[in-house]
>>> print(open('input-v6.cif').read())   # mmCIF, C-alpha atoms
data_target
#
loop_
_atom_site.label_atom_id
_atom_site.label_comp_id
_atom_site.auth_asym_id
_atom_site.auth_seq_id
_atom_site.Cartn_x
_atom_site.Cartn_y
_atom_site.Cartn_z
CA MET Y 1 29.15 -3.70 18.61
CA GLN Y 2 28.30 -1.22 15.86
CA SER Y 3 27.46 -2.46 12.37
CA ASN Y 4 27.98 -0.14 9.40
CA PHE Y 5 24.93 2.14 9.51
CA ILE Y 6 26.03 4.25 6.53
CA GLU Y 7 26.53 1.16 4.38
CA GLU Y 8 23.05 -0.07 5.40
CA LEU Y 9 21.45 3.21 4.33
CA ARG Y 10 23.54 3.36 1.15
CA TRP Y 11 22.29 0.10 -0.35
CA ARG Y 12 18.74 0.99 0.66
CA GLY Y 13 18.99 4.21 -1.38
CA MET Y 14 18.54 6.35 1.74
CA ILE Y 15 21.51 8.73 1.50
CA HIS Y 16 21.36 12.05 -0.32
CA ASP Y 17 24.08 14.09 1.44
CA VAL Y 18 26.45 13.24 4.27
CA THR Y 19 29.20 15.37 5.82
CA PRO Y 20 32.78 14.09 5.69
CA GLY Y 21 33.81 11.95 8.68
CA THR Y 22 30.27 10.76 9.50
CA GLU Y 23 30.94 7.12 8.59
CA GLU Y 24 34.19 7.09 10.57
CA GLN Y 25 32.44 8.57 13.63
CA LEU Y 26 29.71 5.92 13.52
CA LEU Y 27 32.21 3.08 13.20
CA LYS Y 28 34.33 4.47 16.06
CA GLU Y 29 31.75 4.45 18.89
CA MET Y 30 28.09 4.34 19.85
CA THR Y 31 26.80 7.66 18.50
CA THR Y 32 23.61 9.54 19.36
CA ALA Y 33 21.64 10.95 16.41
CA TYR Y 34 18.33 12.74 16.09
CA VAL Y 35 15.54 13.44 13.65
CA GLY Y 36 13.09 16.31 14.17
CA ILE Y 37 9.33 15.94 13.71
CA ASP Y 38 6.97 18.91 13.93
CA PRO Y 39 3.89 18.01 16.04
CA THR Y 40 1.48 19.81 13.71
CA ALA Y 41 -1.01 16.88 13.91
CA ASP Y 42 -1.84 14.19 16.48
CA SER Y 43 -0.64 11.44 14.15
CA LEU Y 44 2.37 10.70 12.02
CA HIS Y 45 1.76 10.13 8.32
CA ILE Y 46 3.82 7.93 6.01
CA GLY Y 47 5.98 10.89 4.97
CA HIS Y 48 7.41 10.78 8.52
CA LEU Y 49 8.27 7.10 8.20
CA VAL Y 50 11.46 7.76 6.23
CA GLY Y 51 13.04 9.64 9.15
CA VAL Y 52 11.75 7.05 11.61
CA MET Y 53 13.24 4.24 9.49
CA MET Y 54 16.60 6.05 9.52
CA LEU Y 55 16.42 6.07 13.33
CA LYS Y 56 15.37 2.40 13.36
CA HIS Y 57 18.39 1.35 11.27
CA LEU Y 58 20.57 3.56 13.48
CA GLN Y 59 19.31 1.76 16.60
CA ARG Y 60 19.72 -1.67 14.98
CA SER Y 61 23.30 -0.69 14.14
CA GLY Y 62 24.01 -0.17 17.85
CA HIS Y 63 23.58 3.62 18.04
CA LYS Y 64 21.17 5.77 20.04
CA PRO Y 65 18.17 7.47 18.38
CA ILE Y 66 16.49 10.63 19.62
CA VAL Y 67 13.18 11.87 18.24
CA LEU Y 68 12.95 15.60 18.66
CA VAL Y 69 9.37 16.81 18.71
CA GLY Y 70 9.50 20.40 17.53
CA GLY Y 71 7.12 22.05 19.98
CA ALA Y 72 8.97 25.36 19.61
CA THR Y 73 9.72 25.09 15.91
CA GLY Y 74 6.15 23.88 15.35
CA MET Y 75 5.05 27.24 16.75
CA ILE Y 76 7.10 29.02 14.06
CA GLY Y 77 6.74 26.98 10.87
CA ASP Y 78 9.56 25.70 8.70
CA PRO Y 79 9.95 27.53 5.37
CA SER Y 80 11.73 24.58 3.68
CA GLY Y 81 9.85 23.49 0.59
CA LYS Y 82 6.79 25.58 1.47
CA SER Y 83 5.38 28.61 -0.21
CA GLU Y 84 3.19 29.80 2.66
CA GLU Y 85 3.58 30.33 6.37
CA ARG Y 86 2.25 27.61 8.63
CA ASN Y 87 -0.53 27.94 11.20
CA LEU Y 88 0.83 28.36 14.72
CA LEU Y 89 -0.29 25.97 17.47
CA ASP Y 90 -0.89 26.56 21.18
CA GLU Y 91 0.99 24.66 23.90
CA GLU Y 92 -1.94 22.45 24.93
CA THR Y 93 -2.41 21.20 21.35
CA LEU Y 94 1.34 20.63 20.96
CA ARG Y 95 1.50 18.55 24.17
CA HIS Y 96 -1.48 16.46 23.10
CA ASN Y 97 0.09 15.86 19.68
CA GLN Y 98 3.41 14.92 21.28
CA GLU Y 99 1.78 12.21 23.42
CA CYS Y 100 -0.04 10.78 20.41
CA LEU Y 101 3.18 10.68 18.36
CA LYS Y 102 5.09 8.95 21.16
CA LYS Y 103 2.46 6.22 21.35
CA GLN Y 104 2.89 5.55 17.61
CA LEU Y 105 6.68 5.72 17.76
CA ARG Y 106 6.80 3.12 20.56
CA LYS Y 107 5.74 0.53 17.98
CA LEU Y 108 8.52 1.55 15.61
CA LEU Y 109 11.50 2.28 17.88
CA ASP Y 110 12.62 0.66 21.12
CA PHE Y 111 12.06 3.15 23.95
CA ASP Y 112 11.64 0.55 26.70
CA THR Y 113 14.89 -1.43 26.60
CA ASP Y 114 17.57 -1.17 29.32
CA ALA Y 115 20.25 -0.95 26.64
CA PRO Y 116 22.31 2.27 26.49
CA ASN Y 117 21.02 2.89 22.96
CA ARG Y 118 17.34 3.00 23.92
CA ALA Y 119 15.31 5.56 21.97
CA GLU Y 120 14.45 8.86 23.60
CA MET Y 121 11.96 11.60 22.85
CA VAL Y 122 12.63 15.27 23.59
CA ASN Y 123 10.68 18.46 22.89
CA ASN Y 124 12.56 21.62 21.95
CA TYR Y 125 9.81 23.70 23.60
CA ASP Y 126 11.25 22.55 26.95
CA TRP Y 127 14.53 24.42 26.43
CA MET Y 128 13.24 27.23 24.20
CA LYS Y 129 10.26 28.40 26.29
CA ASP Y 130 12.35 30.30 28.85
CA PHE Y 131 14.91 31.62 26.34
CA SER Y 132 14.43 35.40 26.13
CA PHE Y 133 14.73 37.11 22.76
CA LEU Y 134 17.71 39.15 23.98
CA ASP Y 135 19.50 36.07 25.28
CA PHE Y 136 18.85 34.24 22.02
CA ILE Y 137 20.21 36.96 19.73
CA ARG Y 138 23.23 37.39 22.04
CA ASP Y 139 24.08 33.69 22.55
CA VAL Y 140 23.02 32.26 19.19
CA GLY Y 141 22.37 35.01 16.65
CA LYS Y 142 25.82 36.57 16.86
CA HIS Y 143 27.52 33.34 15.72
CA ILE Y 144 25.72 33.02 12.38
CA THR Y 145 25.87 35.80 9.78
CA VAL Y 146 22.91 37.00 7.75
CA ASN Y 147 24.99 36.27 4.62
CA TYR Y 148 25.28 32.62 5.72
CA MET Y 149 21.53 32.37 6.38
CA MET Y 150 20.65 34.06 3.08
CA SER Y 151 22.74 31.54 1.14
CA LYS Y 152 20.43 28.64 2.11
CA ASP Y 153 18.23 27.31 -0.70
CA SER Y 154 15.09 27.35 1.49
CA VAL Y 155 15.57 31.09 2.08
CA LYS Y 156 16.56 31.92 -1.51
CA LYS Y 157 13.47 30.16 -2.85
CA ARG Y 158 11.12 32.13 -0.60
CA LEU Y 159 12.80 35.46 -1.35
CA SER Y 160 12.78 34.98 -5.11
CA PRO Y 161 10.32 37.22 -7.05
CA GLU Y 162 8.53 34.09 -8.34
CA SER Y 163 7.48 32.98 -4.84
CA GLY Y 164 5.46 36.17 -4.48
CA SER Y 165 4.73 35.71 -0.76
CA GLY Y 166 8.12 36.72 0.67
CA MET Y 167 9.24 35.47 4.07
CA SER Y 168 8.50 36.65 7.59
CA PHE Y 169 11.26 37.32 10.11
CA THR Y 170 9.74 34.49 12.17
CA GLU Y 171 10.39 31.98 9.43
CA PHE Y 172 13.78 33.45 8.63
CA THR Y 173 14.90 32.65 12.19
CA TYR Y 174 13.74 29.02 11.89
CA GLN Y 175 17.18 27.76 10.90
CA LEU Y 176 18.72 29.45 13.96
CA VAL Y 177 16.22 27.76 16.27
CA GLN Y 178 16.82 24.37 14.61
CA GLY Y 179 20.57 25.04 14.74
CA TYR Y 180 20.30 25.75 18.46
CA ASP Y 181 18.44 22.44 18.96
CA PHE Y 182 21.47 20.60 17.59
CA LEU Y 183 23.79 22.63 19.84
CA HIS Y 184 21.61 21.90 22.89
CA LEU Y 185 21.45 18.15 22.18
CA TYR Y 186 25.18 18.13 21.44
CA GLN Y 187 25.94 19.68 24.82
CA HIS Y 188 23.32 17.87 26.94
CA LYS Y 189 22.89 14.50 25.21
CA ASN Y 190 26.27 14.13 23.46
CA CYS Y 191 24.29 14.01 20.19
CA LYS Y 192 26.71 14.28 17.27
CA LEU Y 193 24.53 13.63 14.23
CA GLN Y 194 21.34 15.19 12.89
CA MET Y 195 19.41 13.45 10.11
CA GLY Y 196 16.47 14.47 7.93
CA GLY Y 197 15.12 14.82 4.41
CA SER Y 198 17.23 16.46 1.72
CA ASP Y 199 15.12 19.65 2.02
CA GLN Y 200 16.50 19.97 5.59
CA TRP Y 201 20.19 20.07 4.59
CA GLY Y 202 20.41 23.86 5.01
CA ASN Y 203 18.83 23.82 8.47
CA ILE Y 204 20.94 20.85 9.61
CA THR Y 205 24.25 22.32 8.45
CA THR Y 206 23.38 25.59 10.21
CA GLY Y 207 23.44 23.43 13.36
CA THR Y 208 26.85 21.92 12.61
CA GLU Y 209 28.16 25.41 11.81
CA LEU Y 210 26.76 26.85 15.08
CA ILE Y 211 28.41 24.06 17.11
CA ARG Y 212 31.76 24.71 15.44
CA ARG Y 213 31.57 28.51 15.79
CA LYS Y 214 30.31 28.54 19.38
CA LEU Y 215 32.34 25.64 20.79
CA GLY Y 216 35.43 25.76 18.62
CA ASN Y 217 36.44 24.35 15.26
CA GLU Y 218 37.64 21.05 16.70
CA GLU Y 219 34.11 20.07 17.75
CA ASP Y 220 32.69 17.23 15.68
CA ALA Y 221 29.06 17.47 14.56
CA PHE Y 222 27.71 15.66 11.53
CA ALA Y 223 24.79 15.83 9.09
CA LEU Y 224 23.08 13.19 6.97
CA THR Y 225 20.05 13.53 4.71
CA CYS Y 226 18.01 11.07 2.69
CA PRO Y 227 16.41 11.77 -0.70
CA LEU Y 228 12.83 13.02 -0.70
CA ILE Y 229 10.63 10.10 -1.63
CA THR Y 230 8.99 10.46 -5.02
CA LYS Y 231 6.63 8.36 -7.10
CA ALA Y 232 7.62 7.04 -10.51
CA ASP Y 233 4.68 8.86 -12.13
CA GLY Y 234 5.75 12.19 -10.66
CA GLY Y 235 2.91 12.29 -8.11
CA LYS Y 236 3.61 13.24 -4.50
CA PHE Y 237 4.44 10.29 -2.26
CA GLY Y 238 1.93 9.62 0.52
CA LYS Y 239 -0.82 11.76 -0.94
CA THR Y 240 -4.04 10.29 -2.31
CA GLU Y 241 -7.29 11.85 -3.45
CA THR Y 242 -8.48 11.76 0.15
CA GLY Y 243 -5.28 13.34 1.52
CA ASN Y 244 -2.45 12.00 3.67
CA ILE Y 245 -1.99 8.33 4.57
CA TRP Y 246 -1.93 8.51 8.38
CA LEU Y 247 -0.62 5.98 10.91
CA ASP Y 248 -3.61 6.58 13.18
CA PRO Y 249 -6.22 3.90 12.32
CA GLU Y 250 -9.01 6.41 13.00
CA LYS Y 251 -7.66 8.73 10.30
CA THR Y 252 -6.62 6.04 7.77
CA SER Y 253 -8.05 2.57 8.32
CA PRO Y 254 -5.53 -0.32 8.32
CA TYR Y 255 -7.31 -1.56 5.17
CA ALA Y 256 -6.76 1.77 3.33
CA PHE Y 257 -3.17 1.84 4.65
CA TYR Y 258 -2.57 -1.70 3.34
CA GLN Y 259 -4.19 -0.84 0.00
CA PHE Y 260 -1.91 2.17 -0.46
CA TRP Y 261 1.17 -0.05 -0.46
CA LEU Y 262 -0.54 -2.84 -2.39
CA ASN Y 263 -1.39 -0.43 -5.22
CA CYS Y 264 2.18 0.83 -5.74
CA SER Y 265 3.71 0.46 -9.20
CA ASP Y 266 6.43 -2.18 -9.62
CA GLU Y 267 9.06 0.54 -9.84
CA ASP Y 268 7.91 2.25 -6.65
CA ALA Y 269 7.50 -1.03 -4.75
CA ALA Y 270 11.09 -2.05 -5.59
CA LYS Y 271 12.27 1.26 -4.09
CA TYR Y 272 9.90 1.35 -1.10
CA ILE Y 273 10.62 -2.21 0.06
CA LYS Y 274 14.22 -1.13 0.75
CA ILE Y 275 13.20 2.05 2.56
CA PHE Y 276 10.19 0.99 4.60
CA THR Y 277 10.91 -2.64 5.61
CA LEU Y 278 13.60 -4.28 7.69
CA LEU Y 279 14.09 -7.14 5.25
CA SER Y 280 17.72 -7.93 4.49
CA ARG Y 281 19.45 -7.23 1.20
CA GLU Y 282 19.39 -10.97 0.32
CA GLU Y 283 15.67 -11.29 1.12
CA ILE Y 284 14.79 -8.24 -0.97
CA GLU Y 285 16.90 -9.34 -3.94
CA LYS Y 286 15.16 -12.75 -3.84
CA ILE Y 287 11.69 -11.14 -3.76
CA VAL Y 288 12.57 -8.76 -6.62
CA ALA Y 289 13.81 -11.70 -8.73
CA GLU Y 290 10.69 -13.80 -7.99
CA HIS Y 291 8.46 -10.83 -8.76
CA ALA Y 292 10.16 -10.32 -12.13
CA GLU Y 293 9.25 -13.89 -13.12
CA ALA Y 294 5.52 -13.40 -12.38
CA PRO Y 295 4.75 -9.66 -12.02
CA HIS Y 296 0.97 -10.28 -12.19
CA GLN Y 297 1.14 -11.98 -8.77
CA ARG Y 298 2.41 -8.69 -7.27
CA LEU Y 299 4.73 -10.40 -4.79
CA LEU Y 300 6.70 -7.19 -4.24
CA GLN Y 301 3.63 -5.15 -3.38
CA LYS Y 302 2.12 -7.88 -1.19
CA THR Y 303 5.35 -8.30 0.78
CA LEU Y 304 5.76 -4.53 1.20
CA ALA Y 305 2.14 -4.06 2.29
CA ARG Y 306 2.29 -7.00 4.71
CA GLU Y 307 5.57 -5.97 6.36
CA ILE Y 308 4.65 -2.36 6.89
CA THR Y 309 1.03 -2.98 7.98
CA ILE Y 310 2.19 -5.39 10.70
CA ARG Y 311 4.81 -2.94 11.99
CA VAL Y 312 2.53 0.10 12.04
CA HIS Y 313 -0.68 -1.71 13.02
CA SER Y 314 -0.73 -5.45 13.94
CA GLU Y 315 -1.02 -9.01 12.62
CA ASP Y 316 -4.80 -8.91 13.27
CA ASP Y 317 -5.14 -5.67 11.30
CA LEU Y 318 -3.17 -7.21 8.44
CA GLN Y 319 -5.42 -10.26 8.40
CA MET Y 320 -8.53 -8.07 8.35
CA ALA Y 321 -7.05 -5.95 5.53
CA GLU Y 322 -6.21 -9.06 3.48
CA GLU Y 323 -9.67 -10.55 4.01
CA ALA Y 324 -11.31 -7.22 3.20
CA SER Y 325 -9.33 -7.07 -0.05
CA GLN Y 326 -10.69 -10.48 -1.00
CA ILE Y 327 -14.27 -9.38 -0.33
CA LEU Y 328 -14.17 -6.59 -2.87
CA PHE Y 329 -12.64 -8.80 -5.54
CA GLY Y 330 -15.26 -11.48 -5.25
CA LYS Y 331 -13.49 -14.13 -3.20
CA GLY Y 332 -14.50 -13.06 0.30
CA THR Y 333 -16.97 -14.97 2.46
CA THR Y 334 -19.98 -13.92 4.51
CA GLU Y 335 -18.04 -14.85 7.63
CA ALA Y 336 -15.16 -12.52 6.65
CA LEU Y 337 -17.63 -9.72 5.94
CA HIS Y 338 -19.19 -10.07 9.40
CA LYS Y 339 -15.74 -9.80 11.01
CA LEU Y 340 -14.99 -6.37 9.51
CA ASN Y 341 -15.21 -3.41 11.86
CA GLU Y 342 -17.15 -0.36 10.72
CA SER Y 343 -14.17 1.74 9.55
CA THR Y 344 -12.81 -1.15 7.45
CA LEU Y 345 -16.24 -1.87 5.97
CA LEU Y 346 -16.64 1.79 4.98
CA SER Y 347 -13.08 1.90 3.57
CA VAL Y 348 -13.66 -1.21 1.45
CA PHE Y 349 -16.92 0.11 0.03
CA GLU Y 350 -15.92 3.76 -0.27
CA GLY Y 351 -17.50 5.21 -3.39
CA VAL Y 352 -20.10 2.42 -3.62
CA PRO Y 353 -23.68 3.73 -4.10
CA ARG Y 354 -25.57 4.13 -0.81
CA ALA Y 355 -29.19 3.48 0.01
CA ASN Y 356 -31.23 3.87 3.19
CA VAL Y 357 -33.79 1.71 4.92
CA SER Y 358 -35.83 2.35 8.02
CA MET Y 359 -34.79 0.41 11.13
CA GLU Y 360 -38.46 0.11 12.04
CA ALA Y 361 -39.20 -1.61 8.72
CA LEU Y 362 -36.38 -4.10 9.26
CA LYS Y 363 -37.88 -5.12 12.60
CA GLU Y 364 -40.87 -6.43 10.63
CA ASN Y 365 -38.61 -8.56 8.34
CA LEU Y 366 -39.02 -7.26 4.82
CA ASP Y 367 -39.80 -9.36 1.78
CA ILE Y 368 -36.66 -9.22 -0.43
CA VAL Y 369 -38.49 -7.68 -3.40
CA GLU Y 370 -40.08 -4.99 -1.19
CA PHE Y 371 -36.64 -4.32 0.32
CA LEU Y 372 -34.93 -3.96 -3.08
CA VAL Y 373 -37.61 -1.85 -4.76
CA THR Y 374 -39.88 0.03 -2.33
CA HIS Y 375 -37.50 0.63 0.55
CA THR Y 376 -34.04 1.06 -1.01
CA GLU Y 377 -34.83 1.73 -4.71
CA ILE Y 378 -31.90 -0.46 -5.75
CA PHE Y 379 -34.21 -1.74 -8.52
CA PRO Y 380 -36.65 0.50 -10.40
CA SER Y 381 -39.33 -2.22 -10.67
CA LYS Y 382 -40.43 -5.40 -8.93
CA GLY Y 383 -40.38 -7.27 -12.26
CA GLU Y 384 -36.69 -6.51 -12.78
CA ALA Y 385 -35.84 -7.48 -9.18
CA ARG Y 386 -37.73 -10.81 -9.52
CA ARG Y 387 -35.98 -11.60 -12.81
CA MET Y 388 -32.55 -11.09 -11.29
CA LEU Y 389 -33.44 -13.09 -8.20
CA LYS Y 390 -34.62 -15.91 -10.46
CA ASP Y 391 -31.28 -15.77 -12.34
CA ASN Y 392 -29.37 -16.10 -9.06
CA GLY Y 393 -27.90 -12.60 -9.54
CA ILE Y 394 -28.52 -11.06 -6.10
CA SER Y 395 -26.43 -11.47 -2.95
CA VAL Y 396 -27.10 -10.06 0.50
CA ASN Y 397 -23.96 -9.87 2.63
CA LYS Y 398 -22.12 -12.09 0.11
CA GLU Y 399 -24.78 -14.84 0.22
CA LYS Y 400 -26.91 -15.64 -2.86
CA VAL Y 401 -30.60 -15.14 -2.15
CA ASP Y 402 -33.90 -15.98 -3.89
CA GLU Y 403 -37.48 -14.71 -3.60
CA SER Y 404 -38.05 -16.59 -0.34
CA LYS Y 405 -35.53 -14.32 1.47
CA PHE Y 406 -36.70 -11.90 4.15
CA VAL Y 407 -34.38 -9.07 5.20
CA GLY Y 408 -34.32 -8.09 8.87
CA GLU Y 409 -32.23 -6.93 11.81
CA ALA Y 410 -30.32 -10.23 11.80
CA ASP Y 411 -28.78 -9.18 8.46
CA LEU Y 412 -27.19 -6.01 9.81
CA LEU Y 413 -23.41 -5.67 9.71
CA ASN Y 414 -22.05 -3.62 12.65
CA ASN Y 415 -25.72 -3.16 13.65
CA ARG Y 416 -26.39 -0.70 10.82
CA TYR Y 417 -25.33 -1.86 7.31
CA ILE Y 418 -26.50 -4.38 4.72
CA LEU Y 419 -24.41 -5.14 1.65
CA VAL Y 420 -26.34 -5.87 -1.54
CA GLN Y 421 -24.62 -7.15 -4.65
CA LYS Y 422 -26.37 -6.98 -8.00
CA GLY Y 423 -24.64 -9.10 -10.62
CA LYS Y 424 -20.87 -9.50 -10.33
CA LYS Y 425 -19.65 -5.98 -9.76
CA ASN Y 426 -22.50 -3.72 -8.63
CA TYR Y 427 -22.47 -3.20 -4.87
CA TYR Y 428 -24.87 -1.14 -2.75
CA LEU Y 429 -24.30 -0.31 0.89
CA VAL Y 430 -27.62 0.04 2.68
CA LEU Y 431 -27.70 2.06 5.87
CA ALA Y 432 -30.41 1.33 8.43
CA GLN Y 433 -31.63 4.49 10.13
#
>>> encode(input="input-v6.cif", output="structure tokens")
Amino acid sequence: MQSNFIEELRWRGMIHDVTPGTEEQLLKEMTTAYVGIDPTADSLHIGHLVGVMMLKHLQRSGHKPIVLVGGATGMIGDPSGKSEERNLLDEETLRHNQECLKKQLRKLLDFDTDAPNRAEMVNNYDWMKDFSFLDFIRDVGKHITVNYMMSKDSVKKRLSPESGSGMSFTEFTYQLVQGYDFLHLYQHKNCKLQMGGSDQWGNITTGTELIRRKLGNEEDAFALTCPLITKADGGKFGKTETGNIWLDPEKTSPYAFYQFWLNCSDEDAAKYIKIFTLLSREEIEKIVAEHAEAPHQRLLQKTLAREITIRVHSEDDLQMAEEASQILFGKGTTEALHKLNESTLLSVFEGVPRANVSMEALKENLDIVEFLVTHTEIFPSKGEARRMLKDNGISVNKEKVDESKFVGEADLLNNRYILVQKGKKNYYLVLAQ
């Protein structure tokens, strides 16, 4: 039984453009739809999550999602929204990236069910690699006019004098290759709908046009796009000072991932909770209302961060991220600190001053004053270190220490770090070498 997918996306603010008849088609029968992802890296980042969430809602509404990994289109580079041509990747890299993406997508879509609407992954390289240039321009190129292709915004933008860089023939043909993908999936997978971001509208409608022109006007192919996600302050969504927020925990630790969502503004969180979680309309409205009564408790952000961290990572990763957050803001315990893995520890204390100590010296168990002054230079003088120790102002690994403390190998976190806290807010991460 199909529920109303379009209505679900509409209240979540996830529809920008939709072709006439799409809603009727989706209410009529189980419909197959796809979203394309270029495998230009071996991990998805949160910018990809919007398309994945569209597929997730599609699957929950009783329809069949296909993820198209653009092995062929990834070799060309999509001109939409870009001012420069993209680096081209070899087949081995593309295959590796595809496998990594599938592993991540398995947590977000249901590939392993026996249901007819189980998710599928395809790679357009598989049907494009043996397509000769002559066959392509004969079978595909003749159906779409240059005038039609030139009218697309993505092409106009790149050909305008302001862009400066112009556009290669390779990139100009991108919309034909993407259009052929839709035709191929339409013919071989009965796929009737292509979805994507609003910057993809031109490429997607080239596909619907190609299907109509090649197979006859009565053929029914549909397009749906969602708005590009923006931040209230005008900044680019998903970008931080350190770059993209990745789904791969090696590239972006679960703690940093959790913090990204936790640090959203109220306005952004109210928008993102609809787009990136599976919470119902009633649940979200209740959270928004509760948040409005006590914004300082950041219920919206905490719920958003919790929901999305569990789905992308795990309950254990969420717990570690929450405990790590407490550590930095003064409420964490020594026990919680010892539980952090190395990448989380480094994420939490990113930007904190670093100091070094010799591993050999630690084997001897160092007097705390010697450790703080001679070995790490955290204090300029022994007198100042002793005064602060006397005033109970020094912690080692979140435990208050006095002058009787000796620092040794037993104090190492992850076998190589010691956390020193001077006063309430001054942290130092000491690396044993």
>>> residues_near_point(input="input-v6.cif", point="(31.4, 10.6, 8.8)", cutoff="12 Å", atoms="all atoms listed in the file", output="count of residues only")
26
>>> axis_aligned_box(input="input-v6.cif", around="range 411-414 of chain Y", padding_each_side="4 Å", output="AutoDock Vina command-line options")
--center_x -25.4 --center_y -6.4 --center_z 10.6 --size_x 14.7 --size_y 13.6 --size_z 12.2
>>> resolve_selection(input="input-v6.cif", expression="the PyMOL selection byres ((chain Y and resi 36-38) around 12)", output="MDAnalysis selection string")
chainID Y and resid 33:35 39:45 47:52 54:55 65:78 86 88:89 94:95 97:98 101:102 105 121:125 178:179 181:182 185 193:197 200 203:204
>>> resolve_selection(input="input-v6.cif", expression="the PyMOL selection byres ((chain Y and resi 305-315) around 9)", output="ChimeraX atom specification")
/Y:104,107-108,247-249,254-255,257-262,273,276-279,300-304,316-322
>>> write_last_selection(input="input-v6.cif", atoms="C-alpha atoms", output="PDB file, keeping the file's coordinate frame")
ATOM      1  CA  GLN Y 104       2.890   5.550  17.610  1.00  0.00           C
ATOM      2  CA  LYS Y 107       5.740   0.530  17.980  1.00  0.00           C
ATOM      3  CA  LEU Y 108       8.520   1.550  15.610  1.00  0.00           C
ATOM      4  CA  LEU Y 247      -0.620   5.980  10.910  1.00  0.00           C
ATOM      5  CA  ASP Y 248      -3.610   6.580  13.180  1.00  0.00           C
ATOM      6  CA  PRO Y 249      -6.220   3.900  12.320  1.00  0.00           C
ATOM      7  CA  PRO Y 254      -5.530  -0.320   8.320  1.00  0.00           C
ATOM      8  CA  TYR Y 255      -7.310  -1.560   5.170  1.00  0.00           C
ATOM      9  CA  PHE Y 257      -3.170   1.840   4.650  1.00  0.00           C
ATOM     10  CA  TYR Y 258      -2.570  -1.700   3.340  1.00  0.00           C
ATOM     11  CA  GLN Y 259      -4.190  -0.840   0.000  1.00  0.00           C
ATOM     12  CA  PHE Y 260      -1.910   2.170  -0.460  1.00  0.00           C
ATOM     13  CA  TRP Y 261       1.170  -0.050  -0.460  1.00  0.00           C
ATOM     14  CA  LEU Y 262      -0.540  -2.840  -2.390  1.00  0.00           C
ATOM     15  CA  ILE Y 273      10.620  -2.210   0.060  1.00  0.00           C
ATOM     16  CA  PHE Y 276      10.190   0.990   4.600  1.00  0.00           C
ATOM     17  CA  THR Y 277      10.910  -2.640   5.610  1.00  0.00           C
ATOM     18  CA  LEU Y 278      13.600  -4.280   7.690  1.00  0.00           C
ATOM     19  CA  LEU Y 279      14.090  -7.140   5.250  1.00  0.00           C
ATOM     20  CA  LEU Y 300       6.700  -7.190  -4.240  1.00  0.00           C
ATOM     21  CA  GLN Y 301       3.630  -5.150  -3.380  1.00  0.00           C
ATOM     22  CA  LYS Y 302       2.120  -7.880  -1.190  1.00  0.00           C
ATOM     23  CA  THR Y 303       5.350  -8.300   0.780  1.00  0.00           C
ATOM     24  CA  LEU Y 304       5.760  -4.530   1.200  1.00  0.00           C
ATOM     25  CA  ASP Y 316      -4.800  -8.910  13.270  1.00  0.00           C
ATOM     26  CA  ASP Y 317      -5.140  -5.670  11.300  1.00  0.00           C
ATOM     27  CA  LEU Y 318      -3.170  -7.210   8.440  1.00  0.00           C
ATOM     28  CA  GLN Y 319      -5.420 -10.260   8.400  1.00  0.00           C
ATOM     29  CA  MET Y 320      -8.530  -8.070   8.350  1.00  0.00           C
ATOM     30  CA  ALA Y 321      -7.050  -5.950   5.530  1.00  0.00           C
ATOM     31  CA  GLU Y 322      -6.210  -9.060   3.480  1.00  0.00           C
TER      32      GLU Y 322
END
>>> atom_distance(input="input-v6.cif", atom1="CA of Leu134 in chain Y", atom2="CA of Lys214 in chain Y")
17.1 Å
>>> residues_near_point(input="input-v6.cif", point="(3.8, 12.8, 0.8)", cutoff="12 Å", atoms="all atoms listed in the file", output="list in words")
Leu44, His45, Ile46, Gly47, His48, Leu49, Val50, Leu228, Ile229, Thr230, Lys231, Gly234, Gly235, Lys236, Phe237, Gly238, Lys239, Thr240, Glu241, Gly243, Asn244, Ile245 and Trp246 of chain Y
>>> resolve_selection(input="input-v6.cif", expression="the PyMOL selection byres ((chain Y and resi 333) around 12)", output="PyMOL selection string")
chain Y and resi 323-332+334-340+395-400
>>> atom_distance(input="input-v6.cif", atom1="CA of Ala232 in chain Y", atom2="CA of Asp268 in chain Y")
6.2 Å
